[in-house]
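Below is model.cif, holding mmCIF, C-alpha atoms.
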data_data
#
loop_
_atom_site.label_atom_id
_atom_site.label_comp_id
_atom_site.auth_asym_id
_atom_site.auth_seq_id
_atom_site.Cartn_x
_atom_site.Cartn_y
_atom_site.Cartn_z
CA MET A 446 -15.86 -11.06 3.21
CA LYS A 447 -12.39 -12.58 3.34
CA ALA A 448 -10.72 -13.19 6.67
CA ALA A 449 -8.73 -10.24 7.88
CA ILE A 450 -5.82 -12.47 8.80
CA GLN A 451 -5.42 -14.69 5.79
CA LYS A 452 -4.05 -18.21 5.87
CA SER A 453 -0.90 -19.01 3.97
CA SER A 454 -1.26 -19.39 0.21
CA ILE A 455 2.03 -21.33 0.10
CA PRO A 456 1.67 -25.13 -0.17
CA ASP A 457 3.55 -27.04 2.51
CA GLU A 458 5.86 -28.57 -0.09
CA LYS A 459 7.00 -25.19 -1.45
CA ILE A 460 9.35 -22.49 -0.16
CA PHE A 461 7.62 -19.60 -1.89
CA VAL A 462 4.91 -18.71 -4.38
CA ALA A 463 5.37 -16.27 -7.28
CA ARG A 464 2.35 -15.23 -9.31
CA GLU A 465 1.36 -12.98 -12.17
CA LEU A 466 -1.93 -11.24 -11.39
CA LYS A 467 -4.32 -10.22 -14.15
CA GLU A 468 -7.58 -9.36 -12.48
CA ARG A 469 -10.39 -6.85 -12.75
CA HIS A 470 -9.08 -5.40 -9.49
CA PHE A 471 -6.45 -6.00 -6.83
CA ASP A 472 -7.57 -7.26 -3.43
CA PRO A 473 -9.48 -4.38 -1.78
CA THR A 474 -9.92 -6.12 1.59
CA TRP A 475 -7.92 -4.89 4.58
CA HIS A 476 -5.94 -7.94 5.70
CA SER A 477 -2.59 -9.27 6.83
CA HIS A 478 -0.74 -12.57 6.64
CA ARG A 479 2.28 -14.29 8.12
CA GLU A 480 4.39 -14.24 4.97
CA TYR A 481 6.70 -11.66 3.44
CA GLN A 482 5.14 -10.06 0.37
CA LEU A 483 6.88 -8.42 -2.57
CA PHE A 484 4.39 -6.73 -4.90
CA VAL A 485 4.95 -4.90 -8.20
CA VAL A 486 2.20 -3.04 -10.09
CA LEU A 487 2.54 -3.43 -13.86
CA LYS A 488 -0.82 -1.88 -14.72
CA GLY A 489 -3.43 -0.15 -12.61
CA THR A 490 -3.94 2.95 -10.53
CA GLY A 491 -5.58 3.60 -7.20
CA THR A 492 -4.85 4.04 -3.52
CA ARG A 493 -2.93 1.68 -1.27
CA PHE A 494 -3.23 1.46 2.49
CA ILE A 495 -0.28 -0.09 4.32
CA GLY A 496 -0.48 0.04 8.11
CA ASN A 497 -1.44 3.64 8.82
CA THR A 498 -0.07 5.06 5.56
CA VAL A 499 -2.10 6.14 2.54
CA LYS A 500 -0.62 6.65 -0.91
CA SER A 501 -1.68 6.61 -4.56
CA PHE A 502 -0.17 3.87 -6.70
CA THR A 503 0.33 3.45 -10.42
CA THR A 504 2.50 1.44 -12.80
CA GLY A 505 5.93 0.84 -11.26
CA ASP A 506 4.77 0.86 -7.65
CA ILE A 507 6.82 -1.69 -5.70
CA THR A 508 6.54 -2.59 -2.02
CA PHE A 509 8.08 -5.17 0.28
CA LEU A 510 6.17 -5.99 3.46
CA GLY A 511 7.09 -8.13 6.43
CA PRO A 512 4.76 -10.61 8.16
CA GLY A 513 1.79 -9.08 9.93
CA VAL A 514 1.81 -5.71 8.16
CA PRO A 515 -1.86 -5.03 7.23
CA HIS A 516 -2.60 -3.68 3.77
CA LEU A 517 -5.05 -3.27 0.91
CA TRP A 518 -4.81 -2.02 -2.67
CA ARG A 519 -7.99 -0.22 -3.70
CA ASN A 520 -7.51 0.31 -7.42
CA ASP A 521 -9.56 2.61 -9.59
CA THR A 522 -10.96 -0.29 -11.61
CA SER A 523 -12.35 -2.00 -8.50
CA TYR A 524 -15.61 -0.17 -8.80
CA PHE A 525 -16.13 -0.10 -12.57
CA SER A 526 -19.20 -1.87 -13.86
CA LYS A 527 -18.95 -5.63 -14.15
CA SER A 528 -18.95 -5.27 -17.93
CA SER A 529 -15.73 -3.27 -17.82
CA ARG A 530 -12.89 -4.89 -19.73
CA GLN A 531 -10.18 -2.92 -17.97
CA ARG A 532 -7.82 -5.14 -16.02
CA THR A 533 -5.07 -4.68 -13.52
CA HIS A 534 -1.73 -6.41 -13.84
CA GLY A 535 0.79 -7.16 -11.14
CA LEU A 536 3.46 -9.54 -9.88
CA VAL A 537 3.67 -10.90 -6.35
CA ILE A 538 5.94 -13.17 -4.33
CA TYR A 539 5.05 -14.69 -0.95
CA PHE A 540 7.54 -16.51 1.22
CA ARG A 541 7.61 -17.54 4.85
CA GLU A 542 9.72 -16.03 7.58
CA GLY A 543 12.74 -18.21 8.23
CA PHE A 544 12.53 -19.94 4.84
CA ILE A 545 16.31 -20.28 4.69
CA GLY A 546 16.67 -21.33 8.33
CA ASP A 547 19.98 -20.79 10.09
CA LEU A 548 21.61 -19.40 6.95
CA LEU A 549 20.05 -16.04 7.71
CA ASP A 550 22.34 -15.68 10.73
CA LYS A 551 25.50 -16.11 8.67
CA GLU A 552 27.78 -13.30 7.56
CA GLU A 553 26.96 -13.74 3.88
CA MET A 554 23.29 -12.96 4.59
CA GLN A 555 23.90 -9.77 6.55
CA GLN A 556 22.35 -7.45 3.95
CA VAL A 557 19.32 -9.69 3.41
CA ARG A 558 18.86 -9.89 7.19
CA ALA A 559 18.84 -6.10 7.34
CA LEU A 560 16.30 -6.02 4.48
CA PHE A 561 13.95 -8.33 6.42
CA LYS A 562 14.24 -6.12 9.49
CA LYS A 563 13.28 -3.05 7.47
CA ALA A 564 10.36 -4.93 5.90
CA ALA A 565 8.67 -4.97 9.31
CA ARG A 566 8.17 -1.24 8.77
CA GLY A 567 7.14 -1.63 5.12
CA ILE A 568 9.45 -0.60 2.28
CA GLU A 569 8.70 1.11 -1.02
CA PHE A 570 11.24 1.31 -3.83
CA PRO A 571 11.37 3.65 -6.87
CA ALA A 572 9.94 2.68 -10.23
CA ASP A 573 13.35 2.15 -11.85
CA ILE A 574 14.01 -0.72 -9.44
CA ALA A 575 10.55 -2.13 -10.20
CA VAL A 576 11.52 -2.52 -13.86
CA HIS A 577 14.45 -4.81 -13.03
CA ILE A 578 12.60 -6.69 -10.29
CA ALA A 579 9.63 -7.31 -12.59
CA VAL A 580 11.90 -8.96 -15.15
CA LYS A 581 13.35 -11.22 -12.45
CA ILE A 582 9.93 -12.19 -11.08
CA LYS A 583 8.67 -13.09 -14.56
CA GLU A 584 11.72 -15.31 -15.02
CA LEU A 585 11.11 -16.81 -11.59
CA ILE A 586 7.51 -17.75 -12.41
CA GLY A 587 8.75 -20.00 -15.22
CA THR A 588 11.62 -21.52 -13.21
CA HIS A 589 11.56 -24.70 -11.13
CA GLY A 590 13.75 -26.64 -8.73
CA THR A 591 16.96 -25.26 -7.27
CA ALA A 592 17.11 -22.59 -9.96
CA SER A 593 13.90 -21.06 -8.60
CA LEU A 594 15.40 -20.70 -5.12
CA ILE A 595 18.51 -19.11 -6.62
CA GLY A 596 16.24 -16.71 -8.52
CA LEU A 597 14.45 -15.69 -5.32
CA LEU A 598 17.76 -15.06 -3.55
CA GLN A 599 18.90 -12.92 -6.49
CA ILE A 600 15.79 -10.76 -6.16
CA LEU A 601 16.32 -10.36 -2.42
CA ASP A 602 19.96 -9.49 -3.03
CA MET A 603 18.95 -6.77 -5.52
CA LEU A 604 16.56 -5.26 -2.97
CA SER A 605 19.03 -5.54 -0.11
CA VAL A 606 21.71 -3.47 -1.89
CA ALA A 607 19.31 -0.82 -3.21
CA ARG A 608 20.27 2.61 -1.88
CA ASP A 609 17.06 4.34 -2.89
CA PHE A 610 14.08 3.25 -0.77
CA HIS A 611 11.58 4.65 1.69
CA LEU A 612 10.37 3.13 4.96
CA LEU A 613 6.63 3.52 5.41
CA HIS A 614 6.51 3.50 9.21
CA ASN A 615 8.67 4.78 12.00
CA GLU A 616 9.98 2.34 14.58
CA THR A 617 7.23 3.11 17.08
CA TYR A 618 4.40 1.85 14.86
CA THR A 619 3.08 -1.58 15.78
CA TYR A 620 -0.03 -3.51 14.76
CA GLU A 621 -1.54 -6.33 16.75
CA LEU A 622 -2.73 -9.30 14.70
CA ASN A 623 -6.37 -9.43 15.73
CA GLU A 624 -8.96 -10.50 13.20
CA SER A 625 -11.94 -8.68 14.70
CA GLU A 626 -9.98 -5.43 14.89
CA THR A 627 -8.70 -5.62 11.32
CA GLN A 628 -12.27 -6.22 10.14
CA ARG A 629 -13.39 -3.07 11.92
CA ILE A 630 -10.57 -0.99 10.43
CA ASN A 631 -11.42 -2.49 7.04
CA ILE A 632 -14.96 -1.11 7.35
CA VAL A 633 -13.65 2.37 8.16
CA TYR A 634 -10.97 2.39 5.43
CA ASN A 635 -13.36 1.24 2.72
CA TYR A 636 -16.04 3.71 3.75
CA ALA A 637 -13.52 6.55 3.75
CA ALA A 638 -12.15 5.51 0.34
CA GLN A 639 -15.66 5.48 -1.14
CA HIS A 640 -16.89 8.75 0.37
CA PHE A 641 -13.87 11.01 0.90
CA HIS A 642 -14.98 13.15 -2.06
CA ASN A 643 -17.89 14.31 0.09
CA GLY A 644 -18.08 15.47 3.66
CA ILE A 645 -17.56 12.70 6.22
CA SER A 646 -18.48 13.58 9.76
CA LEU A 647 -17.11 11.88 12.85
CA GLU A 648 -20.70 10.99 13.75
CA GLN A 649 -21.18 9.16 10.43
CA VAL A 650 -18.05 7.06 10.63
CA SER A 651 -18.43 6.28 14.35
CA ARG A 652 -21.90 4.84 13.67
CA LEU A 653 -20.31 2.26 11.34
CA LEU A 654 -18.72 0.66 14.41
CA ASN A 655 -21.61 1.41 16.79
CA MET A 656 -19.44 3.81 18.78
CA THR A 657 -19.82 7.32 20.05
CA PRO A 658 -17.66 9.91 18.24
CA THR A 659 -15.42 10.25 21.30
CA SER A 660 -14.93 6.49 21.65
CA PHE A 661 -14.28 6.10 17.93
CA SER A 662 -11.69 8.89 17.90
CA ARG A 663 -9.83 7.26 20.77
CA TYR A 664 -10.11 3.80 19.19
CA PHE A 665 -8.90 4.90 15.74
CA LYS A 666 -5.93 6.79 17.18
CA MET A 667 -4.97 3.78 19.30
CA LYS A 668 -5.14 1.36 16.35
CA THR A 669 -3.50 3.48 13.67
CA SER A 670 -1.38 5.98 15.63
CA LYS A 671 -3.06 8.91 13.86
CA SER A 672 -6.35 10.75 14.23
CA PHE A 673 -9.20 10.03 11.83
CA SER A 674 -9.15 13.64 10.62
CA ASP A 675 -5.44 13.33 9.75
CA PHE A 676 -6.08 10.02 7.99
CA LEU A 677 -8.96 11.50 5.98
CA SER A 678 -6.92 14.56 5.06
CA GLU A 679 -4.04 12.39 3.87
CA LEU A 680 -6.41 10.25 1.79
CA ARG A 681 -7.78 13.38 0.13
CA ILE A 682 -4.34 14.91 -0.41
CA ARG A 683 -2.97 11.73 -2.00
CA HIS A 684 -5.88 11.66 -4.42
CA ALA A 685 -5.48 15.37 -5.15
CA SER A 686 -1.77 14.94 -5.89
CA LYS A 687 -2.67 12.29 -8.44
CA LEU A 688 -5.23 14.56 -10.14
CA LEU A 689 -2.80 17.47 -10.22
CA VAL A 690 -0.42 15.41 -12.32
CA GLU A 691 -2.85 13.41 -14.46
CA ASP A 692 -5.65 15.89 -15.15
CA ASP A 693 -4.39 19.30 -16.20
CA SER A 694 -7.85 20.20 -17.53
CA LYS A 695 -9.02 20.80 -13.96
CA SER A 696 -8.03 23.88 -12.01
CA ILE A 697 -6.59 23.58 -8.51
CA SER A 698 -9.86 24.93 -7.15
CA GLN A 699 -11.82 22.23 -8.99
CA ILE A 700 -9.49 19.51 -7.72
CA SER A 701 -9.83 20.84 -4.20
CA ALA A 702 -13.63 20.55 -4.37
CA ALA A 703 -13.48 17.14 -6.07
CA CYS A 704 -11.40 15.78 -3.21
CA GLY A 705 -13.77 16.89 -0.48
CA PHE A 706 -12.20 20.13 0.75
CA ASN A 707 -14.65 22.84 1.78
CA THR A 708 -12.37 25.74 0.92
CA LEU A 709 -9.39 26.29 -1.35
CA SER A 710 -7.41 27.88 1.48
CA ASN A 711 -7.87 24.79 3.64
CA PHE A 712 -6.78 22.58 0.75
CA ASN A 713 -3.66 24.66 0.13
CA ARG A 714 -2.74 24.63 3.80
CA GLN A 715 -3.20 20.88 4.29
CA PHE A 716 -1.50 20.01 1.00
CA LYS A 717 1.59 21.92 2.07
CA VAL A 718 1.63 20.11 5.42
CA PHE A 719 1.59 16.65 3.81
CA MET A 720 3.57 17.30 0.62
CA GLN A 721 5.94 20.06 1.79
CA MET A 722 4.95 22.29 -1.15
CA THR A 723 1.90 24.06 -2.51
CA PRO A 724 -0.45 22.37 -5.01
CA ARG A 725 0.73 24.84 -7.67
CA ASP A 726 4.39 24.01 -7.09
CA TYR A 727 3.58 20.29 -7.07
CA ARG A 728 1.82 20.52 -10.43
CA ASP A 729 4.52 22.74 -11.91
CA GLN A 730 7.33 20.31 -11.10
CA PHE A 731 5.67 17.69 -13.27
CA THR A 732 4.57 19.93 -16.13
CA ALA A 733 8.15 21.19 -16.39
CA LEU A 734 9.46 17.70 -17.14
#
As structure tokens, what does this structure read like?
Amino acid sequence: MKAAIQKSSIPDEKIFVARELKERHFDPTWHSHREYQLFVVLKGTGTRFIGNTVKSFTTGDITFLGPGVPHLWRNDTSYFSKSSRQRTHGLVIYFREGFIGDLLDKEEMQQVRALFKKAARGIEFPADIAVHIAVKIKELIGTHGTASLIGLLQILDMLSVARDFHLLHNETYTYELNESETQRINIVYNYAAQHFHNGISLEQVSRLLNMTPTSFSRYFKMKTSKSFSDFLSELRIRHASKLLVEDDSKSISQISAACGFNTLSNFNRQFKVFMQMTPRDYRDQFTAL
């Protein structure tokens, strides 16, 4: 298993690294690193975990994360057979904190400085911004020298002036960089992602970490700022919202059962709590487009 706190992938002689990713799956290991990360999904679907948030992703998903924000992208192709030819496709940029030194304190960098501050909470942008950013990153990958640095600053400038964005965490959320703890959370997240379709008891998941259910509940709440039951419900709801849009052959009742809910009434109630609308209204708003 990879280290939970990964070492820098940026060579000492470089300011940043920009890559095009074409893999059978994105990295499904819960981890963090000390670099900023800008990631755009060009192809692939699945569920992403950033800090204590859970959300489905698909083409056009774009996130900007500050140093130390733990994350994993568990895509749907991660668990296809090894003979599967389906591939994911993405673009990523890593750069170190303070890469432009004292310039960040200057007036001209005020908006970029604000962008970096928001990145500590995790930022997601809409798909229309991803289209323009993806073009810039592809250009950047083929650029060298001073022009490459200018290209990176242009991308950061585009993000810094974007009016449409969403912060993933409130200001009270913090995460301590501790490798043993991130490994433990990784075990829980991956188990939940694999088994949320079925019933998961507190006793089952607490045994993964050799804890009592009471100790595990307290531990999980302390590390993620939400209860395990809320986390599991959100994971199920995010998957259900994806099925409601992508699979109109299944009824709402069938989707409810497929996502691990015991009763349709419980599904409807929890869906409305997380999504601020009923499953029917959620599906209707997309079918009306």
Selection as a PDB file with C-alpha atoms, keeping the file's coordinate frame: residues within 9 Å of (20.3, -7.7, -0.9), counting all atoms listed in the file:
ATOM      1  CA  MET A 554      23.290 -12.960   4.590  1.00  0.00           C
ATOM      2  CA  GLN A 555      23.900  -9.770   6.550  1.00  0.00           C
ATOM      3  CA  GLN A 556      22.350  -7.450   3.950  1.00  0.00           C
ATOM      4  CA  VAL A 557      19.320  -9.690   3.410  1.00  0.00           C
ATOM      5  CA  ARG A 558      18.860  -9.890   7.190  1.00  0.00           C
ATOM      6  CA  ALA A 559      18.840  -6.100   7.340  1.00  0.00           C
ATOM      7  CA  LEU A 560      16.300  -6.020   4.480  1.00  0.00           C
ATOM      8  CA  LEU A 598      17.760 -15.060  -3.550  1.00  0.00           C
ATOM      9  CA  GLN A 599      18.900 -12.920  -6.490  1.00  0.00           C
ATOM     10  CA  ILE A 600      15.790 -10.760  -6.160  1.00  0.00           C
ATOM     11  CA  LEU A 601      16.320 -10.360  -2.420  1.00  0.00           C
ATOM     12  CA  ASP A 602      19.960  -9.490  -3.030  1.00  0.00           C
ATOM     13  CA  MET A 603      18.950  -6.770  -5.520  1.00  0.00           C
ATOM     14  CA  LEU A 604      16.560  -5.260  -2.970  1.00  0.00           C
ATOM     15  CA  SER A 605      19.030  -5.540  -0.110  1.00  0.00           C
ATOM     16  CA  VAL A 606      21.710  -3.470  -1.890  1.00  0.00           C
ATOM     17  CA  ALA A 607      19.310  -0.820  -3.210  1.00  0.00           C
TER      18      ALA A 607
END
Check: What is the CA of Arg566 (chain A) to CA of Phe509 (chain A) distance in Å?
Finding: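 Separation of CA of Arg566 (chain A) and CA of Phe509 (chain A): 9.4 Å.
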Check: Written as a list in words, what is the full residue list that the PyMOL selection byres ((chain A and resi 477) around 6) yields on the file shown?
Finding: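 Written out, the selection comes to Ile450, His476, His478, Gly513, Val514 and Pro515 of chain A.
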Note to self: Can you tell me which residues surround Ala565 (chain A) at a distance of at most 8 Å, considering all atoms listed in the file, apart from same-chain residues fewer than 6 positions away, and format the answer as a ChimeraX atom specification?
What the structure shows: /A:510-512,514
Checklist line | Close residues, Lys488 (chain A) itself excluded, 7 Å, all atoms listed in the file, min 4 positions apart in chain, as a VMD selection string | finding: chain A and resid 503 to 504 533 to 535
Note to self: Could you list, as a PyMOL selection string, every residue matched by the PyMOL selection byres ((chain A and resi 464) around 7) in this structure?
What the structure shows: chain A and resi 462-463+465-466+536-538+586
Notebook entry, point to check: What do you get, as a ChimeraX atom specification, if you spell out every residue that the PyMOL selection byres ((chain A and resi 683) around 12) selects here?
Noted result: /A:491-494,498-502,638,641,676-682,684-690,700-701,704,712,715-717,719-720,724,727
Next item on the list: Mind giving me the straight-line distance from CA of Phe484 (chain A) to CA of Lys551 (chain A) in Å, one decimal?
Entry: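 Spanning CA of Phe484 (chain A) to CA of Lys551 (chain A) is a straight-line distance of 26.8 Å.
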Notebook entry, point to check: Nearest to Ser698 (chain A) among A:Glu569, A:Arg725, A:Lys563, A:Ile455, with distances taken over only C-alpha atoms: which residue is it?
Noted result: A:Arg725
Rebuild N, CA and C atoms on region 672-706 of chain A, as a PDB file, keeping the file's coordinate frame?
ATOM      1  N   SER A 672      -4.934  10.427  14.069  1.00  0.00           N
ATOM      2  CA  SER A 672      -6.350  10.750  14.230  1.00  0.00           C
ATOM      3  C   SER A 672      -7.093  10.462  12.931  1.00  0.00           C
ATOM      4  N   PHE A 673      -8.415  10.276  13.038  1.00  0.00           N
ATOM      5  CA  PHE A 673      -9.200  10.030  11.830  1.00  0.00           C
ATOM      6  C   PHE A 673      -9.171  11.234  10.909  1.00  0.00           C
ATOM      7  N   SER A 674      -9.182  12.434  11.460  1.00  0.00           N
ATOM      8  CA  SER A 674      -9.150  13.640  10.620  1.00  0.00           C
ATOM      9  C   SER A 674      -7.843  13.718   9.837  1.00  0.00           C
ATOM     10  N   ASP A 675      -6.716  13.338  10.463  1.00  0.00           N
ATOM     11  CA  ASP A 675      -5.440  13.330   9.750  1.00  0.00           C
ATOM     12  C   ASP A 675      -5.436  12.261   8.654  1.00  0.00           C
ATOM     13  N   PHE A 676      -5.990  11.098   8.977  1.00  0.00           N
ATOM     14  CA  PHE A 676      -6.080  10.020   7.990  1.00  0.00           C
ATOM     15  C   PHE A 676      -6.918  10.458   6.790  1.00  0.00           C
ATOM     16  N   LEU A 677      -8.073  11.067   7.052  1.00  0.00           N
ATOM     17  CA  LEU A 677      -8.960  11.500   5.980  1.00  0.00           C
ATOM     18  C   LEU A 677      -8.301  12.594   5.137  1.00  0.00           C
ATOM     19  N   SER A 678      -7.616  13.506   5.787  1.00  0.00           N
ATOM     20  CA  SER A 678      -6.920  14.560   5.060  1.00  0.00           C
ATOM     21  C   SER A 678      -5.842  13.979   4.158  1.00  0.00           C
ATOM     22  N   GLU A 679      -5.101  13.007   4.680  1.00  0.00           N
ATOM     23  CA  GLU A 679      -4.040  12.390   3.870  1.00  0.00           C
ATOM     24  C   GLU A 679      -4.637  11.648   2.680  1.00  0.00           C
ATOM     25  N   LEU A 680      -5.746  10.954   2.886  1.00  0.00           N
ATOM     26  CA  LEU A 680      -6.410  10.250   1.790  1.00  0.00           C
ATOM     27  C   LEU A 680      -6.819  11.233   0.698  1.00  0.00           C
ATOM     28  N   ARG A 681      -7.366  12.367   1.092  1.00  0.00           N
ATOM     29  CA  ARG A 681      -7.780  13.380   0.130  1.00  0.00           C
ATOM     30  C   ARG A 681      -6.583  14.011  -0.584  1.00  0.00           C
ATOM     31  N   ILE A 682      -5.537  14.291   0.176  1.00  0.00           N
ATOM     32  CA  ILE A 682      -4.340  14.910  -0.410  1.00  0.00           C
ATOM     33  C   ILE A 682      -3.680  13.967  -1.407  1.00  0.00           C
ATOM     34  N   ARG A 683      -3.597  12.692  -1.079  1.00  0.00           N
ATOM     35  CA  ARG A 683      -2.970  11.730  -2.000  1.00  0.00           C
ATOM     36  C   ARG A 683      -3.749  11.653  -3.309  1.00  0.00           C
ATOM     37  N   HIS A 684      -5.074  11.694  -3.199  1.00  0.00           N
ATOM     38  CA  HIS A 684      -5.880  11.660  -4.420  1.00  0.00           C
ATOM     39  C   HIS A 684      -5.707  12.963  -5.200  1.00  0.00           C
ATOM     40  N   ALA A 685      -5.657  14.077  -4.493  1.00  0.00           N
ATOM     41  CA  ALA A 685      -5.480  15.370  -5.150  1.00  0.00           C
ATOM     42  C   ALA A 685      -4.138  15.438  -5.875  1.00  0.00           C
ATOM     43  N   SER A 686      -3.090  14.901  -5.255  1.00  0.00           N
ATOM     44  CA  SER A 686      -1.770  14.940  -5.890  1.00  0.00           C
ATOM     45  C   SER A 686      -1.769  14.154  -7.194  1.00  0.00           C
ATOM     46  N   LYS A 687      -2.546  13.087  -7.220  1.00  0.00           N
ATOM     47  CA  LYS A 687      -2.670  12.290  -8.440  1.00  0.00           C
ATOM     48  C   LYS A 687      -3.388  13.088  -9.538  1.00  0.00           C
ATOM     49  N   LEU A 688      -4.480  13.772  -9.162  1.00  0.00           N
ATOM     50  CA  LEU A 688      -5.230  14.560 -10.140  1.00  0.00           C
ATOM     51  C   LEU A 688      -4.419  15.741 -10.652  1.00  0.00           C
ATOM     52  N   LEU A 689      -3.604  16.327  -9.802  1.00  0.00           N
ATOM     53  CA  LEU A 689      -2.800  17.470 -10.220  1.00  0.00           C
ATOM     54  C   LEU A 689      -1.828  17.103 -11.341  1.00  0.00           C
ATOM     55  N   VAL A 690      -1.372  15.877 -11.310  1.00  0.00           N
ATOM     56  CA  VAL A 690      -0.420  15.410 -12.320  1.00  0.00           C
ATOM     57  C   VAL A 690      -1.127  14.886 -13.560  1.00  0.00           C
ATOM     58  N   GLU A 691      -2.226  14.136 -13.351  1.00  0.00           N
ATOM     59  CA  GLU A 691      -2.850  13.410 -14.460  1.00  0.00           C
ATOM     60  C   GLU A 691      -3.946  14.172 -15.178  1.00  0.00           C
ATOM     61  N   ASP A 692      -4.519  15.194 -14.546  1.00  0.00           N
ATOM     62  CA  ASP A 692      -5.650  15.890 -15.150  1.00  0.00           C
ATOM     63  C   ASP A 692      -5.422  17.397 -15.156  1.00  0.00           C
ATOM     64  N   ASP A 693      -4.687  17.868 -16.151  1.00  0.00           N
ATOM     65  CA  ASP A 693      -4.390  19.300 -16.200  1.00  0.00           C
ATOM     66  C   ASP A 693      -5.552  20.130 -16.744  1.00  0.00           C
ATOM     67  N   SER A 694      -6.670  19.471 -17.098  1.00  0.00           N
ATOM     68  CA  SER A 694      -7.850  20.200 -17.530  1.00  0.00           C
ATOM     69  C   SER A 694      -8.602  20.808 -16.354  1.00  0.00           C
ATOM     70  N   LYS A 695      -8.352  20.303 -15.154  1.00  0.00           N
ATOM     71  CA  LYS A 695      -9.020  20.800 -13.960  1.00  0.00           C
ATOM     72  C   LYS A 695      -8.135  21.820 -13.236  1.00  0.00           C
ATOM     73  N   SER A 696      -8.755  22.888 -12.789  1.00  0.00           N
ATOM     74  CA  SER A 696      -8.030  23.880 -12.010  1.00  0.00           C
ATOM     75  C   SER A 696      -7.773  23.348 -10.606  1.00  0.00           C
ATOM     76  N   ILE A 697      -6.878  23.987  -9.888  1.00  0.00           N
ATOM     77  CA  ILE A 697      -6.590  23.580  -8.510  1.00  0.00           C
ATOM     78  C   ILE A 697      -7.830  23.721  -7.649  1.00  0.00           C
ATOM     79  N   SER A 698      -8.613  24.737  -7.891  1.00  0.00           N
ATOM     80  CA  SER A 698      -9.860  24.930  -7.150  1.00  0.00           C
ATOM     81  C   SER A 698     -10.832  23.787  -7.405  1.00  0.00           C
ATOM     82  N   GLN A 699     -10.935  23.343  -8.649  1.00  0.00           N
ATOM     83  CA  GLN A 699     -11.820  22.230  -8.990  1.00  0.00           C
ATOM     84  C   GLN A 699     -11.351  20.932  -8.342  1.00  0.00           C
ATOM     85  N   ILE A 700     -10.046  20.709  -8.340  1.00  0.00           N
ATOM     86  CA  ILE A 700      -9.490  19.510  -7.720  1.00  0.00           C
ATOM     87  C   ILE A 700      -9.733  19.531  -6.218  1.00  0.00           C
ATOM     88  N   SER A 701      -9.574  20.696  -5.623  1.00  0.00           N
ATOM     89  CA  SER A 701      -9.830  20.840  -4.200  1.00  0.00           C
ATOM     90  C   SER A 701     -11.260  20.413  -3.864  1.00  0.00           C
ATOM     91  N   ALA A 702     -12.229  20.889  -4.617  1.00  0.00           N
ATOM     92  CA  ALA A 702     -13.630  20.550  -4.370  1.00  0.00           C
ATOM     93  C   ALA A 702     -13.903  19.080  -4.647  1.00  0.00           C
ATOM     94  N   ALA A 703     -13.269  18.532  -5.703  1.00  0.00           N
ATOM     95  CA  ALA A 703     -13.480  17.140  -6.070  1.00  0.00           C
ATOM     96  C   ALA A 703     -12.949  16.171  -5.030  1.00  0.00           C
ATOM     97  N   CYS A 704     -12.014  16.640  -4.219  1.00  0.00           N
ATOM     98  CA  CYS A 704     -11.400  15.780  -3.210  1.00  0.00           C
ATOM     99  C   CYS A 704     -12.006  15.985  -1.816  1.00  0.00           C
ATOM    100  N   GLY A 705     -13.053  16.782  -1.730  1.00  0.00           N
ATOM    101  CA  GLY A 705     -13.770  16.890  -0.480  1.00  0.00           C
ATOM    102  C   GLY A 705     -13.392  18.040   0.425  1.00  0.00           C
ATOM    103  N   PHE A 706     -12.583  18.988  -0.076  1.00  0.00           N
ATOM    104  CA  PHE A 706     -12.200  20.130   0.750  1.00  0.00           C
ATOM    105  C   PHE A 706     -13.252  21.237   0.627  1.00  0.00           C
TER     106      PHE A 706
END
